[in-house]
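These notes are about the structure you will find just below.
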Amino acid sequence: MDLPNIVYLVMSTFYGFLVYATVYLFGGENIERVGVLVTIIILDCITGLCASWISRGGLSSRRGYDGIKRKIVMLCMVCLGHLIDLTLGVNIVQITLIYMYIGTEGISIAENATECGVPVPKFIVNHLEVLKDKGVK
């Protein structure tokens, strides 16, 4: 076996493991919702950086690290919700957590946009509040 085939085999195995671990931890039936949550988390990080840069007088590594830690714990909670759903044989805990975190992160994006001087329509904030409240029952 030559080197390119070995590299391809190792990369394929690693990629397959990542896909398997992602589907196992987050669940296959809610993977689209998890994808939306991850996208919103990334957008919140970007808008948070912009808001810090524009209105807060500069970037703060301490505040950034704290935000990243919070987002990692959110994803751990979504994984925990999936494992609880598997244990109970239901599909409600993870979805509730995802909706709550989408609402929370969406509100944070709207706040960051406001700090950057971008107007945010009231109906978007209202819809995000509804999503957030779905998870806080």
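Each chain in the structure tokens gets a letter, A, B and so on, in the order shown; residues start at 1 in every chain, and ligands are counted from 1 in the order they appear.
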
Polymer residues at most 12 Å from stretch 15-21 of chain A, only C-alpha atoms, same-chain spacing of 6 or more positions, as number ranges by chain: A: 8-9, 27-28, 31, 79

Go ahead and dump the residues you just picked, N, CA, C and O atoms, as a tab-separated table (two decimals), in the first residue's frame.
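again-v2.tsv, written as the output of this step:
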```
chain	number	residue	atom	x	y	z
A	8	TYR	N	-5.37	8.46	2.61
A	8	TYR	CA	-6.80	8.44	2.30
A	8	TYR	C	-7.55	7.56	3.30
A	8	TYR	O	-8.62	7.92	3.79
A	9	LEU	N	-7.00	6.39	3.61
A	9	LEU	CA	-7.64	5.48	4.55
A	9	LEU	C	-7.74	6.11	5.94
A	9	LEU	O	-8.80	6.04	6.59
A	27	GLY	N	-28.01	13.00	17.73
A	27	GLY	CA	-29.20	12.36	17.20
A	27	GLY	C	-29.42	12.65	15.74
A	27	GLY	O	-29.22	13.77	15.28
A	28	GLY	N	-29.84	11.65	15.00
A	28	GLY	CA	-30.05	11.81	13.57
A	28	GLY	C	-31.34	12.53	13.23
A	28	GLY	O	-31.41	13.25	12.24
A	31	ILE	N	-30.89	16.47	13.60
A	31	ILE	CA	-29.60	17.00	13.17
A	31	ILE	C	-29.76	18.33	12.44
A	31	ILE	O	-28.88	19.18	12.52
A	79	CYS	N	-26.48	17.58	23.80
A	79	CYS	CA	-26.11	16.16	23.77
A	79	CYS	C	-26.78	15.41	24.92
A	79	CYS	O	-27.32	14.32	24.73
```

Interatomic distance, atom CA of A:Arg33 to atom CA of A:Thr47 (Å, one decimal):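 Atom-to-atom, atom CA of A:Arg33 and atom CA of A:Thr47 are spaced 20.8 Å apart.
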
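Of the listed residues (A:Thr114, A:Asn126, A:Thr96, A:Thr87), A:Thr114 comes nearest to A:Ser52; the distances count only C-alpha atoms.
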
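Nearest-residue note for A:Ile107: choosing from A:Val130, A:Val7, A:Leu86, A:Val34, the minimum distance belongs to A:Val130, counting only C-alpha atoms.
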
Neighbour list for A:Leu49 as a PyMOL selection string, cut-off 10 Å, only C-alpha atoms, skip fewer than 6 positions in-chain: chain A and resi 43+56+58-60+64+112

Backbone DSSP call of alpha helix (DSSP H) for chain A, listed as a ChimeraX atom specification: /A:3-26,31-54,61-88,93-115,122-134

Pick from A:Met11, A:Leu97, A:Val23, A:Ile109, whichever lies nearest to A:Cys45 using only C-alpha atoms: A:Ile109

Between atom CA of A:Met77 and atom CA of A:Tyr101 - distance in Å to one decimal: 9.9 Å

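Closest to A:Gly117 among A:Ile54, A:Ile102, A:Val90, A:Val78 is A:Ile54, based on only C-alpha atoms.
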
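Using only C-alpha atoms, the smallest distance between any of A:Ile41, A:Met100, A:Leu80, A:Ile6 and A:His127 comes from A:Met100.
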
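Atom to atom, atom CA of A:Ile40 and atom CA of A:Gly106 stand 6.9 Å apart.
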
Nearest to A:Gly35 by atom-to-atom distance, counting only C-alpha atoms, from A:Leu75, A:Ser108, A:Gly89, A:Asp66: A:Leu75
